[in-house]
Amino acid sequence: MTCKICVQARKSNAFTQGNSNLGTSTLSRHAVSSDHQAAFVGKSMESSFTKAIESSLKVKEKGVKVALKSIYWLAKEGISTHKYSSLLSFLEILDCPNVQELHCGANVTYRTDVIANELQDSIAQVIRENIDKEAEQSSCISILADESTDISVTQMLVVSTRLISLTDFKPVTHFLTNVHVLDSKAATVTD
Ligand SMILES: [Zn+2]
């Protein structure tokens with residue numbers, strides 16, 4: 001018979017090598033031995049430590065979700081990403097849960113424009129990957145392209161795709177990209 005707790009704690013005693021004496025007194029003596037007690041305390045400490053780390057990560061994860069959802073909401077509403085920090089401060093005033101979790105120390109709050117852009121890039125990457133996956137699996141795809149001029153008078157070609165959604169088998173349109181073009185002549189667009 002071996003003691004799993006002592007073996008895992010890499011102790012060296014009769015119960016780590018295999019003890020054939022299974023008498024109650026032998027087992028009782030081992031249970032109160034300093035080796036077994038130390039192994040037992042170590043194991044329970046290890047388990048509490050792991051649990052503490054896991055719960056702390058879960059809480060921080062909720063904070064990151066608030067940040068990601070805030071960024072996504074700003075984009076969906078067509079509001080400047082520059083307002084990300086202001087939005088989080090407002091949510092904090094409203095006592096929204098988990099916003100405080102983004103505070104790590106006195107100066108780290110994860111609400112700068114750099115963080116906002118990085119979060120936006122991460123969301124965009126996931127959306128693009130999902131569109132790519134849908135396009136790969138769709139039985140037919142069409143490309144829609146139209147020339148447009150933006151607010152800075154830059155001419156561009158707006159490219160979208162229309163494909164069959166795998167979830168409900170209905171046609172859906174996804175924006176793909178903006179391509180800058182020198183002019184809006186048909187030849188430039190088609191080339
Ligand atoms: Zn033991």
# chains A, B, ... in the order shown; residues from 1 in each chain; ligands from 1

call {"tool": "residues_around", "arguments": {"residues": "range 82-92 of chain A", "least_positions_apart": "6", "cutoff": "8 Å", "atoms": "only C-alpha atoms", "output": "list in words"}}
result
Ala67, Ser70, Ile71, Leu74, Val99, Gln100, Arg111, Thr112, Asp113 and Ala116 of chain A

call {"tool": "residues_around", "arguments": {"residues": "range 160-176 of chain A", "least_positions_apart": "5", "cutoff": "9 Å", "atoms": "only C-alpha atoms", "output": "PDB file with N, CA and C atoms, in the first residue's frame"}}
result
ATOM      1  N   ARG A 128     -13.179  38.989 -38.724  1.00  0.00           N
ATOM      2  CA  ARG A 128     -12.641  38.618 -40.048  1.00  0.00           C
ATOM      3  C   ARG A 128     -12.500  37.102 -40.174  1.00  0.00           C
ATOM      4  N   ILE A 131     -15.837  35.588 -40.819  1.00  0.00           N
ATOM      5  CA  ILE A 131     -16.306  35.823 -42.200  1.00  0.00           C
ATOM      6  C   ILE A 131     -15.548  34.908 -43.164  1.00  0.00           C
ATOM      7  N   GLU A 134     -16.981  31.500 -42.907  1.00  0.00           N
ATOM      8  CA  GLU A 134     -18.292  31.420 -43.568  1.00  0.00           C
ATOM      9  C   GLU A 134     -18.126  31.387 -45.082  1.00  0.00           C
ATOM     10  N   ALA A 135     -17.185  32.225 -45.582  1.00  0.00           N
ATOM     11  CA  ALA A 135     -16.960  32.299 -47.025  1.00  0.00           C
ATOM     12  C   ALA A 135     -16.424  30.978 -47.569  1.00  0.00           C
ATOM     13  N   GLN A 137     -16.958  28.053 -46.379  1.00  0.00           N
ATOM     14  CA  GLN A 137     -17.933  26.964 -46.311  1.00  0.00           C
ATOM     15  C   GLN A 137     -19.211  27.245 -47.095  1.00  0.00           C
ATOM     16  N   SER A 138     -19.383  28.499 -47.556  1.00  0.00           N
ATOM     17  CA  SER A 138     -20.593  28.844 -48.302  1.00  0.00           C
ATOM     18  C   SER A 138     -20.570  28.216 -49.694  1.00  0.00           C
ATOM     19  N   SER A 139     -21.730  27.745 -50.134  1.00  0.00           N
ATOM     20  CA  SER A 139     -21.774  27.075 -51.444  1.00  0.00           C
ATOM     21  C   SER A 139     -21.617  28.074 -52.587  1.00  0.00           C
ATOM     22  N   CYS A 140     -22.013  29.328 -52.398  1.00  0.00           N
ATOM     23  CA  CYS A 140     -21.784  30.343 -53.436  1.00  0.00           C
ATOM     24  C   CYS A 140     -21.495  31.703 -52.802  1.00  0.00           C
ATOM     25  N   ILE A 141     -20.662  32.468 -53.474  1.00  0.00           N
ATOM     26  CA  ILE A 141     -20.240  33.779 -52.963  1.00  0.00           C
ATOM     27  C   ILE A 141     -20.345  34.801 -54.090  1.00  0.00           C
ATOM     28  N   SER A 142     -20.769  36.019 -53.761  1.00  0.00           N
ATOM     29  CA  SER A 142     -20.675  37.084 -54.762  1.00  0.00           C
ATOM     30  C   SER A 142     -19.948  38.263 -54.135  1.00  0.00           C
ATOM     31  N   ILE A 143     -19.234  39.021 -54.951  1.00  0.00           N
ATOM     32  CA  ILE A 143     -18.483  40.185 -54.462  1.00  0.00           C
ATOM     33  C   ILE A 143     -19.204  41.446 -54.931  1.00  0.00           C
ATOM     34  N   LEU A 144     -19.439  42.359 -53.988  1.00  0.00           N
ATOM     35  CA  LEU A 144     -20.093  43.621 -54.319  1.00  0.00           C
ATOM     36  C   LEU A 144     -19.049  44.728 -54.156  1.00  0.00           C
ATOM     37  N   ALA A 145     -18.879  45.574 -55.158  1.00  0.00           N
ATOM     38  CA  ALA A 145     -17.896  46.660 -55.060  1.00  0.00           C
ATOM     39  C   ALA A 145     -18.518  47.948 -55.590  1.00  0.00           C
ATOM     40  N   ASP A 146     -18.333  49.022 -54.839  1.00  0.00           N
ATOM     41  CA  ASP A 146     -18.876  50.303 -55.281  1.00  0.00           C
ATOM     42  C   ASP A 146     -17.902  51.416 -54.927  1.00  0.00           C
TER      43      ASP A 146
END

call {"tool": "closest_atom_pairs", "arguments": {"of": "chain A", "to": "ligand 1", "cutoff": "7 Å", "atoms": "only C-alpha atoms and all ligand atoms", "output": "JSON lines"}}
result
{"residue": "A:Cys3", "atom": "CA", "partner": "ligand 1", "partner_atom_place_in_ligand_line": "1 (Zn)", "distance": 4.6}
{"residue": "A:Lys4", "atom": "CA", "partner": "ligand 1", "partner_atom_place_in_ligand_line": "1 (Zn)", "distance": 6.7}
{"residue": "A:Ile5", "atom": "CA", "partner": "ligand 1", "partner_atom_place_in_ligand_line": "1 (Zn)", "distance": 5.3}
{"residue": "A:Cys6", "atom": "CA", "partner": "ligand 1", "partner_atom_place_in_ligand_line": "1 (Zn)", "distance": 4.1}
{"residue": "A:Phe15", "atom": "CA", "partner": "ligand 1", "partner_atom_place_in_ligand_line": "1 (Zn)", "distance": 6.4}
{"residue": "A:His30", "atom": "CA", "partner": "ligand 1", "partner_atom_place_in_ligand_line": "1 (Zn)", "distance": 6.3}
{"residue": "A:Ala31", "atom": "CA", "partner": "ligand 1", "partner_atom_place_in_ligand_line": "1 (Zn)", "distance": 6.3}
{"residue": "A:Asp35", "atom": "CA", "partner": "ligand 1", "partner_atom_place_in_ligand_line": "1 (Zn)", "distance": 6.8}
{"residue": "A:His36", "atom": "CA", "partner": "ligand 1", "partner_atom_place_in_ligand_line": "1 (Zn)", "distance": 3.9}
{"residue": "A:Ala39", "atom": "CA", "partner": "ligand 1", "partner_atom_place_in_ligand_line": "1 (Zn)", "distance": 6.9}

call {"tool": "write_last_selection", "arguments": {"atoms": "C-alpha atoms", "output": "PDB file, in the first residue's frame"}}
result
ATOM      1  CA  CYS A   3       0.186   6.895   0.409  1.00  0.00           C
ATOM      2  CA  LYS A   4      -0.792   9.008  -2.615  1.00  0.00           C
ATOM      3  CA  ILE A   5      -0.350  12.279  -0.710  1.00  0.00           C
ATOM      4  CA  CYS A   6       3.196  11.434   0.382  1.00  0.00           C
ATOM      5  CA  PHE A  15       4.299   4.402   2.577  1.00  0.00           C
ATOM      6  CA  HIS A  30       1.510   7.274   9.394  1.00  0.00           C
ATOM      7  CA  ALA A  31      -1.464   9.649   9.426  1.00  0.00           C
ATOM      8  CA  ASP A  35       6.165  13.527   6.852  1.00  0.00           C
ATOM      9  CA  HIS A  36       2.496  12.856   6.061  1.00  0.00           C
ATOM     10  CA  ALA A  39       2.713  16.545   2.656  1.00  0.00           C
TER      11      ALA A  39
END

call {"tool": "residues_around", "arguments": {"residues": "Glu101 in chain A", "least_positions_apart": "6", "cutoff": "9 Å", "atoms": "only C-alpha atoms", "output": "ChimeraX atom specification"}}
result
/A:59-64,109

call {"tool": "write_last_selection", "arguments": {"atoms": "C-alpha atoms", "output": "PDB file, in the first residue's frame"}}
result
ATOM      1  CA  VAL A  59     -12.586  38.459 -11.947  1.00  0.00           C
ATOM      2  CA  LYS A  60      -9.967  40.114 -14.183  1.00  0.00           C
ATOM      3  CA  GLU A  61     -11.498  38.329 -17.177  1.00  0.00           C
ATOM      4  CA  LYS A  62     -14.831  39.998 -16.394  1.00  0.00           C
ATOM      5  CA  GLY A  63     -13.061  43.373 -16.430  1.00  0.00           C
ATOM      6  CA  VAL A  64     -11.580  42.628 -19.864  1.00  0.00           C
ATOM      7  CA  THR A 109      -6.143  51.342 -15.891  1.00  0.00           C
TER       8      THR A 109
END

call {"tool": "residues_around", "arguments": {"residues": "Val189 in chain A", "least_positions_apart": "6", "cutoff": "10 Å", "atoms": "only C-alpha atoms", "output": "PyMOL selection string"}}
result
chain A and resi 145-147+156-157+179-183

call {"tool": "write_last_selection", "arguments": {"atoms": "N, CA and C atoms", "output": "PDB file, in the first residue's frame"}}
result
ATOM      1  N   ALA A 145     -18.879  45.574 -55.158  1.00  0.00           N
ATOM      2  CA  ALA A 145     -17.896  46.660 -55.060  1.00  0.00           C
ATOM      3  C   ALA A 145     -18.518  47.948 -55.590  1.00  0.00           C
ATOM      4  N   ASP A 146     -18.333  49.022 -54.839  1.00  0.00           N
ATOM      5  CA  ASP A 146     -18.876  50.303 -55.281  1.00  0.00           C
ATOM      6  C   ASP A 146     -17.902  51.416 -54.927  1.00  0.00           C
ATOM      7  N   GLU A 147     -17.738  52.341 -55.852  1.00  0.00           N
ATOM      8  CA  GLU A 147     -16.822  53.457 -55.617  1.00  0.00           C
ATOM      9  C   GLU A 147     -17.509  54.487 -54.735  1.00  0.00           C
ATOM     10  N   MET A 156     -12.458  55.750 -52.781  1.00  0.00           N
ATOM     11  CA  MET A 156     -12.199  54.360 -52.401  1.00  0.00           C
ATOM     12  C   MET A 156     -13.243  53.405 -52.967  1.00  0.00           C
ATOM     13  N   LEU A 157     -12.849  52.175 -52.994  1.00  0.00           N
ATOM     14  CA  LEU A 157     -13.731  51.128 -53.476  1.00  0.00           C
ATOM     15  C   LEU A 157     -14.182  50.328 -52.255  1.00  0.00           C
ATOM     16  N   VAL A 179     -10.765  49.780 -50.424  1.00  0.00           N
ATOM     17  CA  VAL A 179      -9.534  49.837 -51.208  1.00  0.00           C
ATOM     18  C   VAL A 179      -9.415  51.249 -51.780  1.00  0.00           C
ATOM     19  N   HIS A 180      -8.287  51.920 -51.522  1.00  0.00           N
ATOM     20  CA  HIS A 180      -8.113  53.273 -52.058  1.00  0.00           C
ATOM     21  C   HIS A 180      -7.845  53.208 -53.561  1.00  0.00           C
ATOM     22  N   VAL A 181      -8.562  54.032 -54.312  1.00  0.00           N
ATOM     23  CA  VAL A 181      -8.356  54.075 -55.778  1.00  0.00           C
ATOM     24  C   VAL A 181      -8.004  55.504 -56.179  1.00  0.00           C
ATOM     25  N   LEU A 182      -7.255  55.621 -57.285  1.00  0.00           N
ATOM     26  CA  LEU A 182      -6.796  56.953 -57.710  1.00  0.00           C
ATOM     27  C   LEU A 182      -7.933  57.794 -58.255  1.00  0.00           C
ATOM     28  N   ASP A 183      -8.851  57.167 -58.993  1.00  0.00           N
ATOM     29  CA  ASP A 183     -10.017  57.888 -59.503  1.00  0.00           C
ATOM     30  C   ASP A 183     -11.182  56.912 -59.610  1.00  0.00           C
TER      31      ASP A 183
END

call {"tool": "atom_distance", "arguments": {"atom1": "CA of Val41 in chain A", "atom2": "CA of Thr2 in chain A"}}
result
18.2 Å

call {"tool": "atom_distance", "arguments": {"atom1": "CA of Ala124 in chain A", "atom2": "CA of Tyr72 in chain A"}}
result
9.5 Å

call {"tool": "atom_distance", "arguments": {"atom1": "CA of Asn98 in chain A", "atom2": "CA of Val66 in chain A"}}
result
7.0 Å

call {"tool": "select_by_dssp", "arguments": {"residues": "range 111-167 of chain A", "states": "helix (DSSP H, G or I)", "output": "ChimeraX atom specification"}}
result
/A:113-137

call {"tool": "write_last_selection", "arguments": {"atoms": "C-alpha atoms", "output": "tab-separated table (two decimals), in the first residue's frame"}}
result
chain	number	residue	atom	x	y	z
A	113	ASP	CA	-6.22	55.05	-26.86
A	114	VAL	CA	-3.45	52.50	-27.47
A	115	ILE	CA	-5.33	49.84	-25.49
A	116	ALA	CA	-8.59	50.85	-27.22
A	117	ASN	CA	-6.98	50.32	-30.64
A	118	GLU	CA	-5.50	46.98	-29.59
A	119	LEU	CA	-8.87	45.76	-28.29
A	120	GLN	CA	-10.52	46.93	-31.53
A	121	ASP	CA	-7.90	45.04	-33.57
A	122	SER	CA	-8.57	41.87	-31.55
A	123	ILE	CA	-12.34	42.14	-32.13
A	124	ALA	CA	-11.78	42.85	-35.85
A	125	GLN	CA	-9.51	39.81	-36.16
A	126	VAL	CA	-12.18	37.51	-34.70
A	127	ILE	CA	-14.89	39.00	-36.97
A	128	ARG	CA	-12.64	38.62	-40.05
A	129	GLU	CA	-11.81	35.03	-39.16
A	130	ASN	CA	-15.52	34.22	-38.82
A	131	ILE	CA	-16.31	35.82	-42.20
A	132	ASP	CA	-13.42	33.90	-43.80
A	133	LYS	CA	-14.77	30.66	-42.32
A	134	GLU	CA	-18.29	31.42	-43.57
A	135	ALA	CA	-16.96	32.30	-47.02
A	136	GLU	CA	-14.93	29.09	-47.22
A	137	GLN	CA	-17.93	26.96	-46.31
